$ cat data-v7.cif   # mmCIF, C-alpha atoms
data_my_file
#
loop_
_atom_site.group_PDB
_atom_site.id
_atom_site.type_symbol
_atom_site.label_atom_id
_atom_site.label_comp_id
_atom_site.auth_asym_id
_atom_site.auth_seq_id
_atom_site.Cartn_x
_atom_site.Cartn_y
_atom_site.Cartn_z
ATOM 1 C CA MET A 1 14.761 -20.204 -12.990
ATOM 2 C CA ALA A 2 13.530 -21.321 -9.583
ATOM 3 C CA SER A 3 10.313 -20.301 -7.845
ATOM 4 C CA LEU A 4 9.755 -20.793 -4.141
ATOM 5 C CA CYS A 5 6.721 -20.022 -2.012
ATOM 6 C CA TYR A 6 7.226 -18.443 1.381
ATOM 7 C CA ASP A 7 4.390 -18.434 3.911
ATOM 8 C CA SER A 8 4.865 -14.928 5.261
ATOM 9 C CA PRO A 9 2.882 -13.208 8.016
ATOM 10 C CA MET A 10 0.916 -11.553 5.191
ATOM 11 C CA GLY A 11 0.203 -14.781 3.362
ATOM 12 C CA PRO A 12 2.017 -16.631 0.598
ATOM 13 C CA ILE A 13 4.795 -14.797 -1.221
ATOM 14 C CA LEU A 14 6.386 -16.022 -4.451
ATOM 15 C CA VAL A 15 10.158 -15.567 -4.720
ATOM 16 C CA LYS A 16 11.741 -16.109 -8.140
ATOM 17 C CA GLU A 17 15.437 -16.509 -8.784
ATOM 18 C CA GLU A 18 17.155 -16.377 -12.159
ATOM 19 C CA ASP A 19 20.894 -16.358 -12.839
ATOM 20 C CA GLU A 20 21.659 -16.002 -9.106
ATOM 21 C CA HIS A 21 19.492 -12.863 -8.772
ATOM 22 C CA ILE A 22 16.028 -12.288 -7.369
ATOM 23 C CA THR A 23 13.767 -11.284 -10.249
ATOM 24 C CA GLU A 24 10.381 -11.313 -8.543
ATOM 25 C CA ILE A 25 8.761 -11.119 -5.147
ATOM 26 C CA SER A 26 4.995 -11.086 -5.347
ATOM 27 C CA PHE A 27 1.980 -11.838 -3.206
ATOM 28 C CA LEU A 28 0.064 -14.985 -4.108
ATOM 29 C CA GLU A 29 -3.561 -15.809 -3.722
ATOM 30 C CA ALA A 30 -3.935 -18.679 -1.270
ATOM 31 C CA ASP A 31 -5.163 -21.043 -3.992
ATOM 32 C CA LEU A 32 -1.894 -20.620 -5.924
ATOM 33 C CA ARG A 33 0.308 -21.450 -2.941
ATOM 34 C CA ASP A 34 0.258 -25.218 -3.497
ATOM 35 C CA LYS A 35 1.202 -24.821 -7.144
ATOM 36 C CA PHE A 36 4.439 -23.090 -6.196
ATOM 37 C CA ARG A 37 5.128 -25.106 -3.058
ATOM 38 C CA THR A 38 5.808 -28.076 -5.330
ATOM 39 C CA SER A 39 8.673 -26.246 -6.998
ATOM 40 C CA LYS A 40 11.330 -28.053 -8.994
ATOM 41 C CA VAL A 41 13.887 -26.923 -6.437
ATOM 42 C CA GLU A 42 15.130 -29.985 -4.608
ATOM 43 C CA THR A 43 18.240 -28.878 -2.742
ATOM 44 C CA ALA A 44 19.610 -25.658 -1.322
ATOM 45 C CA SER A 45 22.145 -25.567 -4.139
ATOM 46 C CA ASP A 46 19.285 -25.398 -6.679
ATOM 47 C CA ALA A 47 18.079 -21.987 -5.450
ATOM 48 C CA PRO A 48 20.605 -20.513 -3.024
ATOM 49 C CA VAL A 49 19.642 -16.891 -3.682
ATOM 50 C CA ALA A 50 15.901 -17.533 -3.347
ATOM 51 C CA LYS A 51 16.518 -19.388 -0.087
ATOM 52 C CA ALA A 52 18.744 -16.551 1.154
ATOM 53 C CA CYS A 53 16.015 -14.095 0.171
ATOM 54 C CA ILE A 54 13.434 -16.023 2.178
ATOM 55 C CA ALA A 55 15.780 -16.038 5.177
ATOM 56 C CA GLN A 56 16.145 -12.260 4.835
ATOM 57 C CA LEU A 57 12.374 -11.835 4.496
ATOM 58 C CA GLU A 58 11.927 -13.824 7.713
ATOM 59 C CA ALA A 59 14.438 -11.555 9.486
ATOM 60 C CA TYR A 60 12.666 -8.483 8.054
ATOM 61 C CA PHE A 61 9.264 -9.665 9.308
ATOM 62 C CA ALA A 62 10.807 -10.425 12.708
ATOM 63 C CA GLY A 63 12.023 -6.819 12.881
ATOM 64 C CA HIS A 64 15.716 -7.739 12.694
ATOM 65 C CA LEU A 65 16.536 -6.650 9.115
ATOM 66 C CA LYS A 66 16.256 -3.163 7.668
ATOM 67 C CA GLU A 67 18.258 -3.540 4.470
ATOM 68 C CA PHE A 68 18.238 -6.484 2.065
ATOM 69 C CA THR A 69 21.509 -7.704 0.586
ATOM 70 C CA VAL A 70 20.403 -10.416 -1.836
ATOM 71 C CA PRO A 71 21.262 -9.556 -5.444
ATOM 72 C CA ILE A 72 18.309 -8.404 -7.521
ATOM 73 C CA LYS A 73 17.799 -7.970 -11.237
ATOM 74 C CA LEU A 74 15.131 -5.565 -12.441
ATOM 75 C CA LYS A 75 13.869 -5.431 -16.007
ATOM 76 C CA GLY A 76 11.802 -2.542 -17.294
ATOM 77 C CA THR A 77 11.718 0.644 -19.319
ATOM 78 C CA ASP A 78 14.281 3.334 -18.603
ATOM 79 C CA PHE A 79 11.613 5.341 -16.790
ATOM 80 C CA ARG A 80 10.572 2.413 -14.577
ATOM 81 C CA MET A 81 14.207 1.605 -13.808
ATOM 82 C CA GLN A 82 14.712 5.221 -12.762
ATOM 83 C CA VAL A 83 11.658 5.122 -10.470
ATOM 84 C CA TRP A 84 12.672 1.780 -8.964
ATOM 85 C CA ALA A 85 16.196 3.062 -8.300
ATOM 86 C CA ALA A 86 14.686 6.070 -6.511
ATOM 87 C CA LEU A 87 12.493 3.755 -4.425
ATOM 88 C CA MET A 88 15.635 2.058 -3.163
ATOM 89 C CA THR A 89 16.755 5.375 -1.626
ATOM 90 C CA ILE A 90 13.722 5.663 0.685
ATOM 91 C CA PRO A 91 14.994 4.721 4.143
ATOM 92 C CA TYR A 92 13.416 1.971 6.202
ATOM 93 C CA GLY A 93 10.512 3.283 8.240
ATOM 94 C CA GLU A 94 10.083 6.458 6.188
ATOM 95 C CA THR A 95 7.531 7.390 3.541
ATOM 96 C CA ILE A 96 7.372 9.882 0.706
ATOM 97 C CA SER A 97 4.574 10.952 -1.602
ATOM 98 C CA TYR A 98 4.235 10.098 -5.269
ATOM 99 C CA LYS A 99 4.898 13.777 -5.981
ATOM 100 C CA GLN A 100 8.113 13.696 -3.955
ATOM 101 C CA LEU A 101 9.183 10.571 -5.803
ATOM 102 C CA ALA A 102 8.529 12.260 -9.149
ATOM 103 C CA GLU A 103 10.609 15.216 -7.981
ATOM 104 C CA ARG A 104 13.436 12.877 -6.955
ATOM 105 C CA ILE A 105 13.719 11.659 -10.516
ATOM 106 C CA ASP A 106 13.647 15.241 -11.829
ATOM 107 C CA ASN A 107 10.265 14.752 -13.471
ATOM 108 C CA PRO A 108 7.818 16.573 -11.155
ATOM 109 C CA LYS A 109 4.866 16.293 -13.543
ATOM 110 C CA ALA A 110 5.141 12.503 -13.823
ATOM 111 C CA ILE A 111 3.192 11.742 -10.655
ATOM 112 C CA ARG A 112 0.756 9.356 -12.346
ATOM 113 C CA ALA A 113 3.529 7.659 -14.323
ATOM 114 C CA VAL A 114 5.461 7.177 -11.081
ATOM 115 C CA GLY A 115 2.369 5.477 -9.657
ATOM 116 C CA GLY A 116 2.251 3.225 -12.709
ATOM 117 C CA ALA A 117 5.914 2.303 -12.308
ATOM 118 C CA ASN A 118 5.278 1.484 -8.651
ATOM 119 C CA HIS A 119 2.382 -0.753 -9.670
ATOM 120 C CA HIS A 120 4.675 -2.692 -12.024
ATOM 121 C CA ASN A 121 7.474 -3.143 -9.481
ATOM 122 C CA PRO A 122 8.378 -6.844 -9.791
ATOM 123 C CA ILE A 123 10.344 -7.093 -6.540
ATOM 124 C CA SER A 124 7.976 -6.031 -3.775
ATOM 125 C CA ILE A 125 9.304 -5.348 -0.288
ATOM 126 C CA ILE A 126 12.981 -5.250 -1.347
ATOM 127 C CA VAL A 127 12.212 -2.460 -3.821
ATOM 128 C CA PRO A 128 10.045 -0.640 -1.282
ATOM 129 C CA CYS A 129 7.146 0.788 -3.257
ATOM 130 C CA HIS A 130 5.042 0.350 -0.097
ATOM 131 C CA ARG A 131 6.851 3.417 1.284
ATOM 132 C CA VAL A 132 5.132 5.712 -1.225
ATOM 133 C CA ILE A 133 1.892 7.277 -0.018
ATOM 134 C CA GLY A 134 -0.562 9.960 -1.089
ATOM 135 C CA ALA A 135 0.357 13.626 -0.668
ATOM 136 C CA ASP A 136 -2.207 13.876 2.141
ATOM 137 C CA GLY A 137 -0.641 10.925 3.976
ATOM 138 C CA SER A 138 -3.282 8.441 2.832
ATOM 139 C CA LEU A 139 -2.457 4.912 1.764
ATOM 140 C CA THR A 140 -3.072 4.783 -1.945
ATOM 141 C CA GLY A 141 -2.488 1.952 -4.361
ATOM 142 C CA TYR A 142 -0.331 -1.096 -3.805
ATOM 143 C CA GLY A 143 -0.055 -4.103 -6.101
ATOM 144 C CA GLY A 144 -0.045 -6.380 -3.062
ATOM 145 C CA GLY A 145 -3.207 -4.818 -1.653
ATOM 146 C CA LEU A 146 -3.684 -1.931 0.747
ATOM 147 C CA SER A 147 -3.902 -4.243 3.760
ATOM 148 C CA ASN A 148 -0.392 -5.525 2.970
ATOM 149 C CA LYS A 149 0.892 -1.972 2.471
ATOM 150 C CA LYS A 150 -0.549 -1.000 5.847
ATOM 151 C CA PHE A 151 1.055 -4.085 7.438
ATOM 152 C CA LEU A 152 4.500 -3.300 5.978
ATOM 153 C CA LEU A 153 4.401 0.358 7.006
ATOM 154 C CA ALA A 154 3.300 -0.576 10.546
ATOM 155 C CA LEU A 155 6.087 -3.171 10.741
ATOM 156 C CA GLU A 156 8.666 -0.559 9.766
ATOM 157 C CA LYS A 157 7.322 2.020 12.250
ATOM 158 C CA LYS A 158 7.985 -0.281 15.236
#
$ encode --input "data-v7.cif" --output "structure tokens"
Amino acid sequence: MASLCYDSPMGPILVKEEDEHITEISFLEADLRDKFRTSKVETASDAPVAKACIAQLEAYFAGHLKEFTVPIKLKGTDFRMQVWAALMTIPYGETISYKQLAERIDNPKAIRAVGGANHHNPISIIVPCHRVIGADGSLTGYGGGLSNKKFLLALEKK
């Protein structure tokens, strides 16, 4: 497993690769950045997928990429996997409510559980849980912080 730190426009992001798949993209506190910057990765061949992911993240933040192509591997309960798969169907620049997401997975009463699955999404940005908002259009909950959710939604609206 390789872990790389990417200094994104939103601050440090941790990208983890395992078995040639991205397994985690998460926001780091600034004080953790140096810990991951000294990764065991020494050459591009040591973490080709993580490096490709960072290149795609850079293109995304520059407004040139709308769909990620790096291979990902999600691990979770059947319910979470179902929610995360539904998240992947939300088009770039669009939002849906937690209720709409619950309806998409044919479980309209699972609104709170859908929120919980979003919170546990291990691959932020690529699995776009930031595109899920409150029924009234408000920005509610985001594991990476509401300021980051607002940033990502504004980026995609351009």
$ closest_atom_pairs --input "data-v7.cif" --of "segment 82-154 of chain A" --to "segment 55-68 of chain A" --cutoff "10 Å" --atoms "all atoms listed in the file" --output "tab-separated table"
residue	atom	partner	partner_atom	distance
A:Met88	CA	A:Glu67	CA	9.8
A:Pro91	CA	A:Lys66	CA	8.7
A:Tyr92	CA	A:Lys66	CA	6.0
A:Gly93	CA	A:Lys66	CA	8.7
A:Ile125	CA	A:Leu57	CA	8.6
A:Ile126	CA	A:Phe68	CA	6.4
A:Val127	CA	A:Phe68	CA	9.3
A:Leu152	CA	A:Phe61	CA	8.6
$ resolve_selection --input "data-v7.cif" --expression "the PyMOL selection byres ((chain A and resi 131-147) around 10)" --output "JSON, numbers by chain"
{"A": [10, 13, 26, 27, 28, 87, 88, 90, 91, 92, 93, 94, 95, 96, 97, 98, 99, 100, 101, 114, 115, 116, 118, 119, 120, 121, 122, 124, 125, 127, 128, 129, 130, 148, 149, 150, 151, 152, 153, 156]}
$ atom_distance --input "data-v7.cif" --atom1 "atom CA of Ile54 of chain A" --atom2 "atom CA of Tyr6 of chain A"
6.7 Å
$ atom_distance --input "data-v7.cif" --atom1 "atom CA of Pro71 of chain A" --atom2 "atom CA of Met1 of chain A"
14.6 Å
$ residues_around --input "data-v7.cif" --residues "Ile25 of chain A" --least-positions-apart "3" --cutoff "6 Å" --atoms "all atoms listed in the file" --output "NGL selection string"
:A and (14-15 or 123-124)
$ atom_distance --input "data-v7.cif" --atom1 "atom CA of Ile22 of chain A" --atom2 "atom CA of Cys5 of chain A"
13.2 Å
$ closest_residue --input "data-v7.cif" --among "A:Arg80, A:Lys16, A:Val70, A:Ala86" --to "Ala113 of chain A" --atoms "only C-alpha atoms"
A:Arg80
$ decode --input "data-v7.cif" --residues "segment 111-144 of chain A" --atoms "N, CA, C and O atoms" --output "compact mmCIF listing (two decimals), in the first residue's frame"
# COMPACT_ATOMS: atom_id res chain seq x y z
N ILE A 111 -33.24 7.72 4.50
CA ILE A 111 -32.56 9.00 4.29
C ILE A 111 -31.39 9.18 5.26
O ILE A 111 -30.29 9.55 4.86
N ARG A 112 -31.60 8.89 6.52
CA ARG A 112 -30.53 9.05 7.51
C ARG A 112 -29.41 8.05 7.27
O ARG A 112 -28.23 8.37 7.41
N ALA A 113 -29.77 6.83 6.91
CA ALA A 113 -28.75 5.80 6.63
C ALA A 113 -27.92 6.17 5.41
O ALA A 113 -26.72 5.92 5.35
N VAL A 114 -28.57 6.79 4.42
CA VAL A 114 -27.86 7.27 3.24
C VAL A 114 -26.85 8.34 3.66
O VAL A 114 -25.71 8.34 3.19
N GLY A 115 -27.26 9.23 4.56
CA GLY A 115 -26.34 10.23 5.08
C GLY A 115 -25.16 9.59 5.78
O GLY A 115 -24.01 10.03 5.62
N GLY A 116 -25.42 8.54 6.54
CA GLY A 116 -24.34 7.82 7.22
C GLY A 116 -23.38 7.17 6.24
O GLY A 116 -22.16 7.19 6.43
N ALA A 117 -23.92 6.59 5.17
CA ALA A 117 -23.07 5.97 4.15
C ALA A 117 -22.21 7.04 3.47
O ALA A 117 -21.03 6.81 3.20
N ASN A 118 -22.82 8.19 3.19
CA ASN A 118 -22.04 9.29 2.61
C ASN A 118 -20.89 9.68 3.52
O ASN A 118 -19.77 9.90 3.06
N HIS A 119 -21.17 9.77 4.81
CA HIS A 119 -20.15 10.16 5.78
C HIS A 119 -18.97 9.18 5.78
O HIS A 119 -17.83 9.58 6.03
N HIS A 120 -19.24 7.92 5.51
CA HIS A 120 -18.20 6.89 5.54
C HIS A 120 -17.59 6.62 4.17
O HIS A 120 -16.86 5.64 4.01
N ASN A 121 -17.89 7.44 3.19
CA ASN A 121 -17.32 7.29 1.86
C ASN A 121 -15.79 7.44 1.93
O ASN A 121 -15.30 8.50 2.27
N PRO A 122 -15.04 6.39 1.60
CA PRO A 122 -13.59 6.47 1.73
C PRO A 122 -12.88 7.15 0.56
O PRO A 122 -11.69 7.45 0.66
N ILE A 123 -13.59 7.38 -0.54
CA ILE A 123 -12.93 7.93 -1.72
C ILE A 123 -13.63 9.23 -2.12
O ILE A 123 -14.37 9.30 -3.11
N SER A 124 -13.38 10.26 -1.31
CA SER A 124 -13.98 11.57 -1.56
C SER A 124 -13.62 12.07 -2.95
O SER A 124 -12.61 11.68 -3.52
N ILE A 125 -14.41 12.93 -3.46
CA ILE A 125 -14.29 13.60 -4.75
C ILE A 125 -14.59 12.64 -5.89
O ILE A 125 -15.50 12.89 -6.68
N ILE A 126 -13.87 11.53 -6.01
CA ILE A 126 -14.15 10.58 -7.09
C ILE A 126 -15.52 9.95 -6.90
O ILE A 126 -16.29 9.82 -7.84
N VAL A 127 -15.82 9.52 -5.69
CA VAL A 127 -17.17 9.06 -5.34
C VAL A 127 -17.83 10.32 -4.76
O VAL A 127 -17.61 10.67 -3.61
N PRO A 128 -18.62 11.02 -5.58
CA PRO A 128 -18.98 12.41 -5.29
C PRO A 128 -20.09 12.63 -4.27
O PRO A 128 -21.16 13.15 -4.59
N CYS A 129 -19.80 12.31 -3.03
CA CYS A 129 -20.79 12.54 -1.97
C CYS A 129 -21.02 14.03 -1.74
O CYS A 129 -22.04 14.41 -1.16
N HIS A 130 -20.12 14.87 -2.22
CA HIS A 130 -20.30 16.33 -2.09
C HIS A 130 -21.48 16.82 -2.91
O HIS A 130 -21.99 17.91 -2.69
N ARG A 131 -21.97 16.00 -3.84
CA ARG A 131 -23.09 16.40 -4.70
C ARG A 131 -24.46 16.12 -4.06
O ARG A 131 -25.48 16.32 -4.69
N VAL A 132 -24.45 15.68 -2.82
CA VAL A 132 -25.71 15.41 -2.11
C VAL A 132 -25.94 16.54 -1.11
O VAL A 132 -25.07 16.85 -0.29
N ILE A 133 -27.12 17.14 -1.21
CA ILE A 133 -27.45 18.31 -0.39
C ILE A 133 -28.78 18.08 0.32
O ILE A 133 -29.49 17.11 0.05
N GLY A 134 -29.13 19.00 1.20
CA GLY A 134 -30.41 18.92 1.90
C GLY A 134 -31.58 19.12 0.95
O GLY A 134 -31.44 19.72 -0.11
N ALA A 135 -32.74 18.64 1.33
CA ALA A 135 -33.94 18.75 0.50
C ALA A 135 -34.29 20.20 0.19
O ALA A 135 -34.85 20.50 -0.86
N ASP A 136 -33.91 21.11 1.10
CA ASP A 136 -34.20 22.53 0.88
C ASP A 136 -33.08 23.25 0.13
O ASP A 136 -33.09 24.47 -0.01
N GLY A 137 -32.11 22.48 -0.36
CA GLY A 137 -31.00 23.06 -1.11
C GLY A 137 -29.82 23.48 -0.26
O GLY A 137 -28.81 23.95 -0.77
N SER A 138 -29.93 23.28 1.06
CA SER A 138 -28.84 23.68 1.96
C SER A 138 -27.69 22.67 1.91
O SER A 138 -27.88 21.51 1.58
N LEU A 139 -26.51 23.18 2.24
CA LEU A 139 -25.35 22.30 2.32
C LEU A 139 -25.35 21.67 3.70
O LEU A 139 -25.22 22.36 4.71
N THR A 140 -25.51 20.38 3.73
CA THR A 140 -25.55 19.66 5.00
C THR A 140 -24.50 18.57 4.99
O THR A 140 -24.31 17.91 3.97
N GLY A 141 -23.80 18.42 6.07
CA GLY A 141 -22.86 17.34 6.27
C GLY A 141 -21.88 17.09 5.14
O GLY A 141 -22.26 17.06 3.99
N TYR A 142 -20.64 16.93 5.49
CA TYR A 142 -19.61 16.49 4.56
C TYR A 142 -18.39 16.14 5.40
O TYR A 142 -17.92 16.97 6.19
N GLY A 143 -17.90 14.92 5.24
CA GLY A 143 -16.77 14.45 6.03
C GLY A 143 -15.53 15.33 5.87
O GLY A 143 -14.72 15.43 6.78
N GLY A 144 -15.42 16.00 4.73
CA GLY A 144 -14.28 16.88 4.50
C GLY A 144 -14.51 18.30 4.95
O GLY A 144 -13.67 19.16 4.72
